[in-house]
file my_file37.txt (compact mmCIF, C-alpha atoms)
# COMPACT_ATOMS: atom_id res chain seq x y z
CA MET A 1 -5.82 10.39 28.45
CA THR A 2 -9.29 9.02 27.72
CA SER A 3 -9.78 6.26 25.15
CA THR A 4 -11.59 8.74 22.87
CA THR A 5 -8.73 11.23 23.07
CA LYS A 6 -6.17 8.50 22.46
CA ASN A 7 -8.11 7.22 19.46
CA GLN A 8 -8.32 10.71 17.96
CA SER A 9 -4.59 11.18 18.53
CA THR A 10 -3.86 7.89 16.80
CA GLN A 11 -6.12 8.80 13.88
CA HIS A 12 -4.38 12.17 13.61
CA ASN A 13 -0.92 10.62 13.51
CA LEU A 14 -1.90 7.96 10.99
CA ILE A 15 -3.56 10.45 8.66
CA ALA A 16 -0.87 13.12 9.05
CA ASN A 17 1.79 10.61 8.02
CA ALA A 18 -0.29 8.78 5.42
CA ARG A 19 1.44 7.61 2.28
CA PHE A 20 0.06 8.80 -1.05
CA GLU A 21 0.05 6.18 -3.80
CA VAL A 22 0.43 7.56 -7.32
CA VAL A 23 0.43 5.94 -10.73
CA PRO A 24 2.96 6.91 -13.45
CA LEU A 25 0.39 8.12 -15.99
CA LYS A 26 0.02 11.38 -17.91
CA ASN A 27 -2.87 12.53 -15.73
CA LEU A 28 -0.51 12.70 -12.75
CA GLU A 29 1.39 15.63 -14.23
CA ALA A 30 -1.19 18.22 -13.18
CA GLN A 31 -1.47 16.63 -9.73
CA ILE A 32 2.18 16.46 -8.66
CA GLU A 33 2.15 20.01 -7.30
CA HIS A 34 -0.64 19.01 -4.89
CA ILE A 35 1.39 16.31 -3.15
CA PRO A 36 1.98 17.66 0.38
CA ALA A 37 5.50 18.90 1.06
CA SER A 38 7.94 16.16 2.08
CA ALA A 39 5.16 13.57 1.84
CA SER A 40 5.76 9.85 1.66
CA VAL A 41 4.77 8.77 -1.85
CA SER A 42 4.35 5.24 -3.16
CA VAL A 43 4.90 4.81 -6.92
CA THR A 44 3.06 1.90 -8.54
CA CYS A 45 4.37 -0.39 -11.25
CA SER A 46 2.37 -1.88 -14.11
CA PRO A 47 3.04 -4.11 -17.14
CA ALA A 48 1.70 -1.37 -19.42
CA LYS A 49 4.22 1.26 -18.32
CA GLY A 50 7.03 -1.01 -17.21
CA LEU A 51 9.43 -0.78 -14.30
CA GLN A 52 11.48 2.08 -15.76
CA ALA A 53 8.52 4.46 -15.61
CA THR A 54 8.24 3.71 -11.89
CA LEU A 55 11.94 4.29 -11.29
CA ASP A 56 11.96 7.53 -13.30
CA LEU A 57 8.99 8.95 -11.40
CA THR A 58 10.49 7.86 -8.09
CA ALA A 59 13.71 9.74 -8.87
CA ARG A 60 11.75 12.84 -9.87
CA LEU A 61 9.71 12.82 -6.65
CA ILE A 62 12.89 12.46 -4.60
CA ASP A 63 14.32 15.51 -6.36
CA LEU A 64 11.14 17.39 -5.40
CA GLY A 65 11.80 16.63 -1.74
CA HIS A 66 9.44 13.71 -1.18
CA LYS A 67 10.17 10.32 0.35
CA ALA A 68 9.43 8.20 -2.69
CA VAL A 69 9.00 4.45 -2.40
CA PRO A 70 9.04 2.50 -5.68
CA HIS A 71 6.91 -0.59 -6.22
CA ILE A 72 9.10 -3.29 -7.67
CA SER A 73 7.17 -5.86 -9.70
CA ALA A 74 8.99 -9.18 -9.54
CA ARG A 75 7.39 -10.37 -12.79
CA LEU A 76 8.91 -7.44 -14.68
CA VAL A 77 12.50 -8.29 -13.69
CA GLU A 78 14.29 -10.64 -16.06
CA ASP A 79 17.11 -12.13 -14.01
CA ASP A 80 19.70 -11.59 -11.27
CA VAL A 81 21.38 -8.97 -13.45
CA GLY A 82 18.14 -6.99 -13.34
CA VAL A 83 17.97 -7.44 -9.57
CA LYS A 84 21.49 -6.06 -9.16
CA SER A 85 20.57 -3.13 -11.40
CA ILE A 86 17.64 -2.30 -9.11
CA ALA A 87 19.92 -2.55 -6.07
CA GLU A 88 22.36 -0.15 -7.73
CA TYR A 89 19.49 2.22 -8.49
CA CYS A 90 18.45 2.19 -4.82
CA ASN A 91 21.99 3.01 -3.74
CA SER A 92 22.56 5.75 -6.29
CA HIS A 93 19.29 7.50 -5.44
CA GLY A 94 19.52 7.07 -1.68
CA ILE A 95 16.38 4.93 -1.54
CA ASP A 96 16.04 3.21 1.80
CA GLU A 97 12.63 1.63 1.27
CA VAL A 98 10.97 -0.38 -1.50
CA PHE A 99 7.61 -2.08 -1.83
CA LEU A 100 7.51 -5.50 -3.47
CA VAL A 101 4.65 -6.90 -5.54
CA ALA A 102 4.42 -9.89 -7.84
CA GLY A 103 2.74 -7.66 -10.42
CA ASP A 104 -0.22 -7.86 -12.78
CA SER A 105 1.67 -9.28 -15.74
CA PRO A 106 0.03 -12.62 -16.77
CA GLN A 107 3.45 -14.03 -17.60
CA PRO A 108 6.78 -13.02 -16.05
CA VAL A 109 9.32 -11.48 -18.42
CA GLY A 110 12.03 -13.63 -16.88
CA GLU A 111 12.67 -16.05 -14.06
CA TYR A 112 10.74 -14.36 -11.25
CA HIS A 113 7.20 -15.66 -10.88
CA ASP A 114 6.58 -14.23 -7.42
CA VAL A 115 7.99 -11.96 -4.75
CA MET A 116 9.71 -14.76 -2.82
CA GLN A 117 12.05 -15.61 -5.67
CA PHE A 118 12.91 -11.97 -6.25
CA LEU A 119 13.27 -11.17 -2.54
CA ARG A 120 15.88 -13.89 -1.99
CA ASP A 121 18.08 -12.51 -4.75
CA PHE A 122 17.51 -8.88 -3.82
CA LEU A 123 18.47 -9.47 -0.18
CA ALA A 124 21.74 -11.03 -1.40
CA THR A 125 22.78 -7.79 -3.11
CA GLU A 126 24.30 -4.62 -1.67
CA HIS A 127 20.90 -2.93 -1.91
CA GLY A 128 21.27 -0.29 0.84
CA VAL A 129 17.58 -0.61 1.71
CA SER A 130 16.59 -0.56 5.38
CA ARG A 131 12.89 -1.43 5.05
CA ILE A 132 10.85 -3.51 2.60
CA GLY A 133 7.10 -3.53 2.24
CA ILE A 134 4.99 -6.49 1.16
CA THR A 135 1.32 -6.91 0.26
CA ALA A 136 -1.41 -8.41 2.42
CA TYR A 137 -4.96 -9.36 1.47
CA PRO A 138 -7.59 -9.25 4.24
CA ASP A 139 -10.21 -9.65 1.52
CA GLY A 140 -8.41 -12.45 -0.30
CA HIS A 141 -7.15 -12.38 -3.88
CA ALA A 142 -9.14 -13.12 -7.01
CA LEU A 143 -6.45 -15.38 -8.47
CA ILE A 144 -4.52 -16.81 -5.51
CA ASP A 145 -5.67 -19.36 -2.94
CA ALA A 146 -6.01 -17.98 0.60
CA LYS A 147 -3.69 -20.65 2.02
CA LEU A 148 -0.93 -19.74 -0.42
CA ILE A 149 -1.30 -16.03 0.42
CA HIS A 150 -1.04 -16.82 4.13
CA GLU A 151 2.04 -19.02 3.68
CA ALA A 152 3.76 -16.48 1.45
CA LEU A 153 3.14 -13.68 3.94
CA HIS A 154 4.90 -15.61 6.70
CA ALA A 155 7.66 -16.83 4.42
CA LYS A 156 8.50 -13.25 3.40
CA GLN A 157 8.55 -12.23 7.05
CA ALA A 158 11.03 -15.04 7.75
CA LEU A 159 13.31 -13.99 4.88
CA LEU A 160 13.37 -10.39 6.06
CA ALA A 161 14.10 -11.44 9.63
CA GLU A 162 16.94 -13.69 8.48
CA ALA A 163 18.45 -10.81 6.51
CA GLY A 164 17.99 -8.36 9.37
CA VAL A 165 15.90 -6.01 7.24
CA ALA A 166 12.83 -4.30 8.69
CA GLY A 167 9.52 -4.86 6.95
CA PHE A 168 5.84 -4.03 6.96
CA ALA A 169 2.70 -5.30 5.26
CA SER A 170 0.35 -2.92 3.49
CA THR A 171 -3.16 -4.24 3.03
CA GLN A 172 -5.16 -4.07 -0.15
CA MET A 173 -8.47 -2.25 0.17
CA CYS A 174 -11.08 -3.96 2.31
CA PHE A 175 -14.34 -2.17 3.12
CA ASP A 176 -15.50 -4.77 5.61
CA VAL A 177 -13.91 -3.63 8.86
CA ASP A 178 -14.95 -6.80 10.68
CA LYS A 179 -13.25 -8.90 8.01
CA TRP A 180 -10.08 -6.79 8.32
CA ARG A 181 -10.10 -7.28 12.07
CA SER A 182 -10.70 -11.03 11.77
CA TRP A 183 -7.87 -11.36 9.26
CA ALA A 184 -5.45 -9.37 11.43
CA THR A 185 -6.42 -11.31 14.55
CA ALA A 186 -5.81 -14.64 12.81
CA GLU A 187 -2.47 -13.57 11.31
CA ARG A 188 -1.21 -12.21 14.63
CA ALA A 189 -2.23 -15.45 16.34
CA ALA A 190 -0.33 -17.37 13.64
CA GLY A 191 2.87 -15.46 14.37
CA PHE A 192 2.84 -12.61 11.87
CA THR A 193 4.48 -9.68 13.64
CA LEU A 194 5.36 -7.11 10.97
CA PRO A 195 3.68 -3.70 11.32
CA LEU A 196 0.53 -3.18 9.25
CA HIS A 197 -0.48 -0.29 7.01
CA ILE A 198 -4.18 0.21 6.33
CA GLY A 199 -4.87 0.39 2.59
CA VAL A 200 -7.75 2.76 1.92
CA PRO A 201 -8.95 4.84 -1.06
CA GLY A 202 -8.32 8.55 -0.88
CA ALA A 203 -10.88 11.01 -2.19
CA ILE A 204 -12.30 9.12 -5.16
CA ASP A 205 -15.70 8.92 -6.79
CA ARG A 206 -17.80 5.76 -6.60
CA ALA A 207 -17.82 4.98 -10.34
CA LYS A 208 -14.03 5.06 -10.66
CA LEU A 209 -13.50 2.89 -7.61
CA LEU A 210 -16.06 0.28 -8.64
CA SER A 211 -14.65 0.13 -12.18
CA MET A 212 -11.18 -0.68 -10.82
CA GLY A 213 -12.34 -3.18 -8.20
CA VAL A 214 -11.53 -6.42 -9.99
CA ARG A 215 -8.06 -5.30 -11.05
CA LEU A 216 -7.28 -4.24 -7.50
CA GLY A 217 -8.34 -7.56 -6.02
CA ILE A 218 -11.13 -6.11 -3.88
CA GLY A 219 -14.07 -7.84 -5.51
CA ALA A 220 -15.39 -9.47 -2.34
CA SER A 221 -15.38 -6.18 -0.45
CA LEU A 222 -17.19 -4.43 -3.27
CA ARG A 223 -19.81 -7.19 -3.26
CA TYR A 224 -20.11 -6.65 0.48
CA VAL A 225 -20.73 -2.95 -0.13
CA HIS A 226 -23.34 -3.73 -2.79
CA LYS A 227 -25.20 -6.11 -0.49
CA ASN A 228 -25.30 -3.61 2.33
CA SER A 229 -27.12 -0.63 0.91
CA GLY A 230 -26.66 1.36 4.09
CA ILE A 231 -22.90 1.07 3.80
CA LEU A 232 -23.10 1.84 0.09
CA GLY A 233 -24.93 5.06 0.85
CA LEU A 234 -22.61 5.90 3.72
CA MET A 235 -19.46 5.43 1.70
CA PHE A 236 -20.47 6.53 -1.77
CA GLY A 237 -23.31 9.00 -1.37
CA PRO A 238 -22.63 12.41 -2.96
CA GLY A 239 -19.88 14.09 -0.99
CA ARG A 240 -20.14 11.50 1.76
CA TYR A 241 -17.26 9.10 1.22
CA ASP A 242 -14.68 9.68 3.92
CA PRO A 243 -11.58 7.48 4.21
CA ASN A 244 -11.63 8.11 7.95
CA LYS A 245 -14.78 6.01 8.26
CA LEU A 246 -12.49 3.06 7.59
CA ILE A 247 -9.44 4.38 9.41
CA ALA A 248 -11.16 5.43 12.64
CA PRO A 249 -12.47 2.03 13.81
CA LEU A 250 -9.13 0.36 13.06
CA ALA A 251 -7.16 3.17 14.71
CA ALA A 252 -8.94 2.25 17.94
CA GLN A 253 -7.08 -1.08 17.78
CA ALA A 254 -3.78 0.22 16.43
CA ASP A 255 -1.77 -1.06 19.38
CA GLU A 256 -3.44 -4.47 19.33
CA PHE A 257 -2.85 -4.99 15.61
CA LYS A 258 0.44 -3.06 15.44
CA ILE A 259 -0.91 -0.62 12.86
CA ASP A 260 1.60 2.13 12.16
CA GLY A 261 0.63 3.50 8.77
CA VAL A 262 -2.07 4.39 6.26
CA HIS A 263 -1.69 3.82 2.53
CA LEU A 264 -3.93 6.12 0.49
CA PHE A 265 -4.83 4.86 -2.98
CA THR A 266 -5.24 8.23 -4.72
CA PHE A 267 -5.77 6.95 -8.30
CA ASN A 268 -3.91 10.20 -9.11
CA ASN A 269 -6.71 12.23 -7.56
CA VAL A 270 -4.04 13.82 -5.38
CA GLN A 271 -5.50 17.29 -4.89
CA ALA A 272 -8.81 16.07 -3.50
CA THR A 273 -7.06 13.51 -1.29
CA ALA A 274 -4.68 16.14 0.10
CA GLU A 275 -7.61 18.47 0.78
CA TRP A 276 -9.42 15.67 2.62
CA GLN A 277 -6.27 15.04 4.67
CA GLN A 278 -6.00 18.67 5.79
CA LYS A 279 -9.70 19.01 6.61
CA THR A 280 -9.67 15.79 8.62
CA LEU A 281 -6.56 16.77 10.56
CA ALA A 282 -8.16 20.09 11.43
CA LYS A 283 -11.18 18.27 12.88
CA LEU A 284 -8.96 15.96 14.92
CA THR A 285 -6.77 18.73 16.33
call {"tool": "encode", "arguments": {"input": "my_file37.txt", "output": "structure tokens"}}
result
Amino acid sequence: MTSTTKNQSTQHNLIANARFEVVPLKNLEAQIEHIPASASVSVTCSPAKGLQATLDLTARLIDLGHKAVPHISARLVEDDVGVKSIAEYCNSHGIDEVFLVAGDSPQPVGEYHDVMQFLRDFLATEHGVSRIGITAYPDGHALIDAKLIHEALHAKQALLAEAGVAGFASTQMCFDVDKWRSWATAERAAGFTLPLHIGVPGAIDRAKLLSMGVRLGIGASLRYVHKNSGILGLMFGPGRYDPNKLIAPLAAQADEFKIDGVHLFTFNNVQATAEWQQKTLAKLT
């Protein structure tokens, strides 16, 4: 198998098994039918909608035959009673995977300020979960020091290993492929071994993506795009944005970086993202 053929095969597998991220908002209702059959779907959690909206949508997607993975925002959980309630929810709905985030809430509703505190208590419950996802920031975070992000990433890995629970890290969007590579190289060298999922926008228009940049913690990458007009035109020209332009170069190093997934931020633009997925797979077949 040539390197080109292997790269195309890797791209195909990553895109075919990509996870669709959806947001529990009213505009999702008309888009649910466009989620590919039996797809893996990640359900976000926000202070505005609360954790229950995430859990309700997760349960609904499971009933529709999808593998739904709820985001659990640590800052929206009050105490260990709330943690046990989430564990019971996972068991009762047959959920074997969750994705943990600190959350966007400026102040926690209870005693959990970050994922580490929540993760310790969650792992002590009878949660029934076999894999837990955590966030990673190749592009840094607008509000958190890079050193703290690095230390937390490795600390979470250690907790999961101690508990014997599999994990993975899904990266926030980063449009600078070289920066993504540099970040992954440094983390691997520092001993981070969990599999990585590439976080990339699905089929989304430029204006919507740019307007959400700060909230998503991808400000530096968006500034990078602005400064490089060629990349701006390549990624956001009419009808020209293609998620595979970010996936393809990283897929070539999937073995080196232990990349085994793609996380598609759909912003509830599910139909267009699903159509992109099918068209791209056809080209790679």
call {"tool": "residues_around", "arguments": {"input": "my_file37.txt", "residues": "Ala53 in chain A", "least_positions_apart": "4", "cutoff": "7 Å", "atoms": "only C-alpha atoms", "output": "short mmCIF file (atom, residue, chain, number, x, y, z; two decimals) with C-alpha atoms, in the frame of the given file"}}
result
data_model
loop_
_atom_site.label_atom_id
_atom_site.label_comp_id
_atom_site.auth_asym_id
_atom_site.auth_seq_id
_atom_site.Cartn_x
_atom_site.Cartn_y
_atom_site.Cartn_z
CA PRO A 24 2.96 6.91 -13.45
CA LYS A 49 4.22 1.26 -18.32
CA LEU A 57 8.99 8.95 -11.40
#
call {"tool": "atom_distance", "arguments": {"input": "my_file37.txt", "atom1": "CA of Val41 in chain A", "atom2": "CA of Val22 in chain A"}}
result
7.1 Å
call {"tool": "closest_residue", "arguments": {"input": "my_file37.txt", "among": "A:Gly128, A:Pro249, A:Gly65, A:Gly261", "to": "Cys90 in chain A", "atoms": "all atoms listed in the file"}}
result
A:Gly128
call {"tool": "closest_residue", "arguments": {"input": "my_file37.txt", "among": "A:Ile95, A:Ala146, A:Val81, A:Ala74", "to": "Leu61 in chain A", "atoms": "all atoms listed in the file"}}
result
A:Ile95
call {"tool": "residues_near_point", "arguments": {"input": "my_file37.txt", "point": "(-4.8, 14.1, -11.4)", "cutoff": "7 Å", "atoms": "all atoms listed in the file", "output": "VMD selection string"}}
result
chain A and resid 27 to 31 268 to 270
call {"tool": "atom_distance", "arguments": {"input": "my_file37.txt", "atom1": "CA of Val69 in chain A", "atom2": "CA of Ser42 in chain A"}}
result
4.8 Å
call {"tool": "residues_around", "arguments": {"input": "my_file37.txt", "residues": "range 101-108 of chain A", "least_positions_apart": "2", "cutoff": "9 Å", "atoms": "only C-alpha atoms", "output": "PDB file with C-alpha atoms, keeping the file's coordinate frame"}}
result
ATOM      1  CA  CYS A  45       4.370  -0.390 -11.250  1.00  0.00           C
ATOM      2  CA  SER A  46       2.370  -1.880 -14.110  1.00  0.00           C
ATOM      3  CA  PRO A  47       3.040  -4.110 -17.140  1.00  0.00           C
ATOM      4  CA  ALA A  48       1.700  -1.370 -19.420  1.00  0.00           C
ATOM      5  CA  HIS A  71       6.910  -0.590  -6.220  1.00  0.00           C
ATOM      6  CA  ILE A  72       9.100  -3.290  -7.670  1.00  0.00           C
ATOM      7  CA  SER A  73       7.170  -5.860  -9.700  1.00  0.00           C
ATOM      8  CA  ALA A  74       8.990  -9.180  -9.540  1.00  0.00           C
ATOM      9  CA  ARG A  75       7.390 -10.370 -12.790  1.00  0.00           C
ATOM     10  CA  LEU A  76       8.910  -7.440 -14.680  1.00  0.00           C
ATOM     11  CA  VAL A  77      12.500  -8.290 -13.690  1.00  0.00           C
ATOM     12  CA  GLU A  78      14.290 -10.640 -16.060  1.00  0.00           C
ATOM     13  CA  PHE A  99       7.610  -2.080  -1.830  1.00  0.00           C
ATOM     14  CA  GLY A 110      12.030 -13.630 -16.880  1.00  0.00           C
ATOM     15  CA  GLU A 111      12.670 -16.050 -14.060  1.00  0.00           C
ATOM     16  CA  TYR A 112      10.740 -14.360 -11.250  1.00  0.00           C
ATOM     17  CA  HIS A 113       7.200 -15.660 -10.880  1.00  0.00           C
ATOM     18  CA  ASP A 114       6.580 -14.230  -7.420  1.00  0.00           C
ATOM     19  CA  VAL A 115       7.990 -11.960  -4.750  1.00  0.00           C
ATOM     20  CA  MET A 116       9.710 -14.760  -2.820  1.00  0.00           C
ATOM     21  CA  PHE A 118      12.910 -11.970  -6.250  1.00  0.00           C
ATOM     22  CA  GLY A 133       7.100  -3.530   2.240  1.00  0.00           C
ATOM     23  CA  ILE A 134       4.990  -6.490   1.160  1.00  0.00           C
ATOM     24  CA  THR A 135       1.320  -6.910   0.260  1.00  0.00           C
ATOM     25  CA  ARG A 215      -8.060  -5.300 -11.050  1.00  0.00           C
TER      26      ARG A 215
END
call {"tool": "closest_residue", "arguments": {"input": "my_file37.txt", "among": "A:Ala87, A:Ala186, A:Ala203, A:Ala18", "to": "Asp121 in chain A", "atoms": "all atoms listed in the file"}}
result
A:Ala87
call {"tool": "atom_distance", "arguments": {"input": "my_file37.txt", "atom1": "CA of Trp183 in chain A", "atom2": "CA of Phe257 in chain A"}}
result
10.3 Å
call {"tool": "residues_around", "arguments": {"input": "my_file37.txt", "residues": "Tyr89 in chain A", "least_positions_apart": "3", "cutoff": "10 Å", "atoms": "only C-alpha atoms", "output": "list in words"}}
result
Leu55, Ala59, Val83, Lys84, Ser85, Ile86, Ser92, His93, Gly94, Ile95, His127 and Gly128 of chain A
call {"tool": "residues_around", "arguments": {"input": "my_file37.txt", "residues": "range 153-164 of chain A", "least_positions_apart": "2", "cutoff": "10 Å", "atoms": "only C-alpha atoms", "output": "list in words"}}
result
Val115, Met116, Leu119, Arg120, Leu123, Ala124, Ser130, Arg131, Ile132, Gly133, Ile134, Thr135, Ala136, Tyr137, Lys147, Leu148, Ile149, His150, Glu151, Ala166, Gly167, Phe168, Ala169, Glu187, Ala190, Gly191, Phe192, Thr193 and Leu194 of chain A
call {"tool": "write_last_selection", "arguments": {"input": "my_file37.txt", "atoms": "C-alpha atoms", "output": "JSON list (two decimals), keeping the file's coordinate frame"}}
result
[["chain", "number", "residue", "atom", "x", "y", "z"],
["A", 115, "VAL", "CA", 7.99, -11.96, -4.75],
["A", 116, "MET", "CA", 9.71, -14.76, -2.82],
["A", 119, "LEU", "CA", 13.27, -11.17, -2.54],
["A", 120, "ARG", "CA", 15.88, -13.89, -1.99],
["A", 123, "LEU", "CA", 18.47, -9.47, -0.18],
["A", 124, "ALA", "CA", 21.74, -11.03, -1.40],
["A", 130, "SER", "CA", 16.59, -0.56, 5.38],
["A", 131, "ARG", "CA", 12.89, -1.43, 5.05],
["A", 132, "ILE", "CA", 10.85, -3.51, 2.60],
["A", 133, "GLY", "CA", 7.10, -3.53, 2.24],
["A", 134, "ILE", "CA", 4.99, -6.49, 1.16],
["A", 135, "THR", "CA", 1.32, -6.91, 0.26],
["A", 136, "ALA", "CA", -1.41, -8.41, 2.42],
["A", 137, "TYR", "CA", -4.96, -9.36, 1.47],
["A", 147, "LYS", "CA", -3.69, -20.65, 2.02],
["A", 148, "LEU", "CA", -0.93, -19.74, -0.42],
["A", 149, "ILE", "CA", -1.30, -16.03, 0.42],
["A", 150, "HIS", "CA", -1.04, -16.82, 4.13],
["A", 151, "GLU", "CA", 2.04, -19.02, 3.68],
["A", 166, "ALA", "CA", 12.83, -4.30, 8.69],
["A", 167, "GLY", "CA", 9.52, -4.86, 6.95],
["A", 168, "PHE", "CA", 5.84, -4.03, 6.96],
["A", 169, "ALA", "CA", 2.70, -5.30, 5.26],
["A", 187, "GLU", "CA", -2.47, -13.57, 11.31],
["A", 190, "ALA", "CA", -0.33, -17.37, 13.64],
["A", 191, "GLY", "CA", 2.87, -15.46, 14.37],
["A", 192, "PHE", "CA", 2.84, -12.61, 11.87],
["A", 193, "THR", "CA", 4.48, -9.68, 13.64],
["A", 194, "LEU", "CA", 5.36, -7.11, 10.97]]
call {"tool": "closest_residue", "arguments": {"input": "my_file37.txt", "among": "A:Gly199, A:Gln117, A:Thr171, A:Tyr241", "to": "Asp80 in chain A", "atoms": "all atoms listed in the file"}}
result
A:Gln117
call {"tool": "closest_residue", "arguments": {"input": "my_file37.txt", "among": "A:Val177, A:Leu51, A:Val23, A:Ile32", "to": "Ala252 in chain A", "atoms": "all atoms listed in the file"}}
result
A:Val177
call {"tool": "residues_around", "arguments": {"input": "my_file37.txt", "residues": "Trp276 in chain A", "least_positions_apart": "3", "cutoff": "10 Å", "atoms": "only C-alpha atoms", "output": "ChimeraX atom specification"}}
result
/A:15,202-203,242-244,270-273,279-282
call {"tool": "closest_residue", "arguments": {"input": "my_file37.txt", "among": "A:Ser170, A:Thr266, A:Ser40, A:Gln253", "to": "Asn7 in chain A", "atoms": "all atoms listed in the file"}}
result
A:Gln253
call {"tool": "axis_aligned_box", "arguments": {"input": "my_file37.txt", "around": "range 192-200 of chain A", "padding_each_side": "8 Å", "output": "JSON"}}
result
{"center_x": -1.2, "center_y": -4.9, "center_z": 7.8, "size_x": 29.1, "size_y": 31.4, "size_z": 27.7}
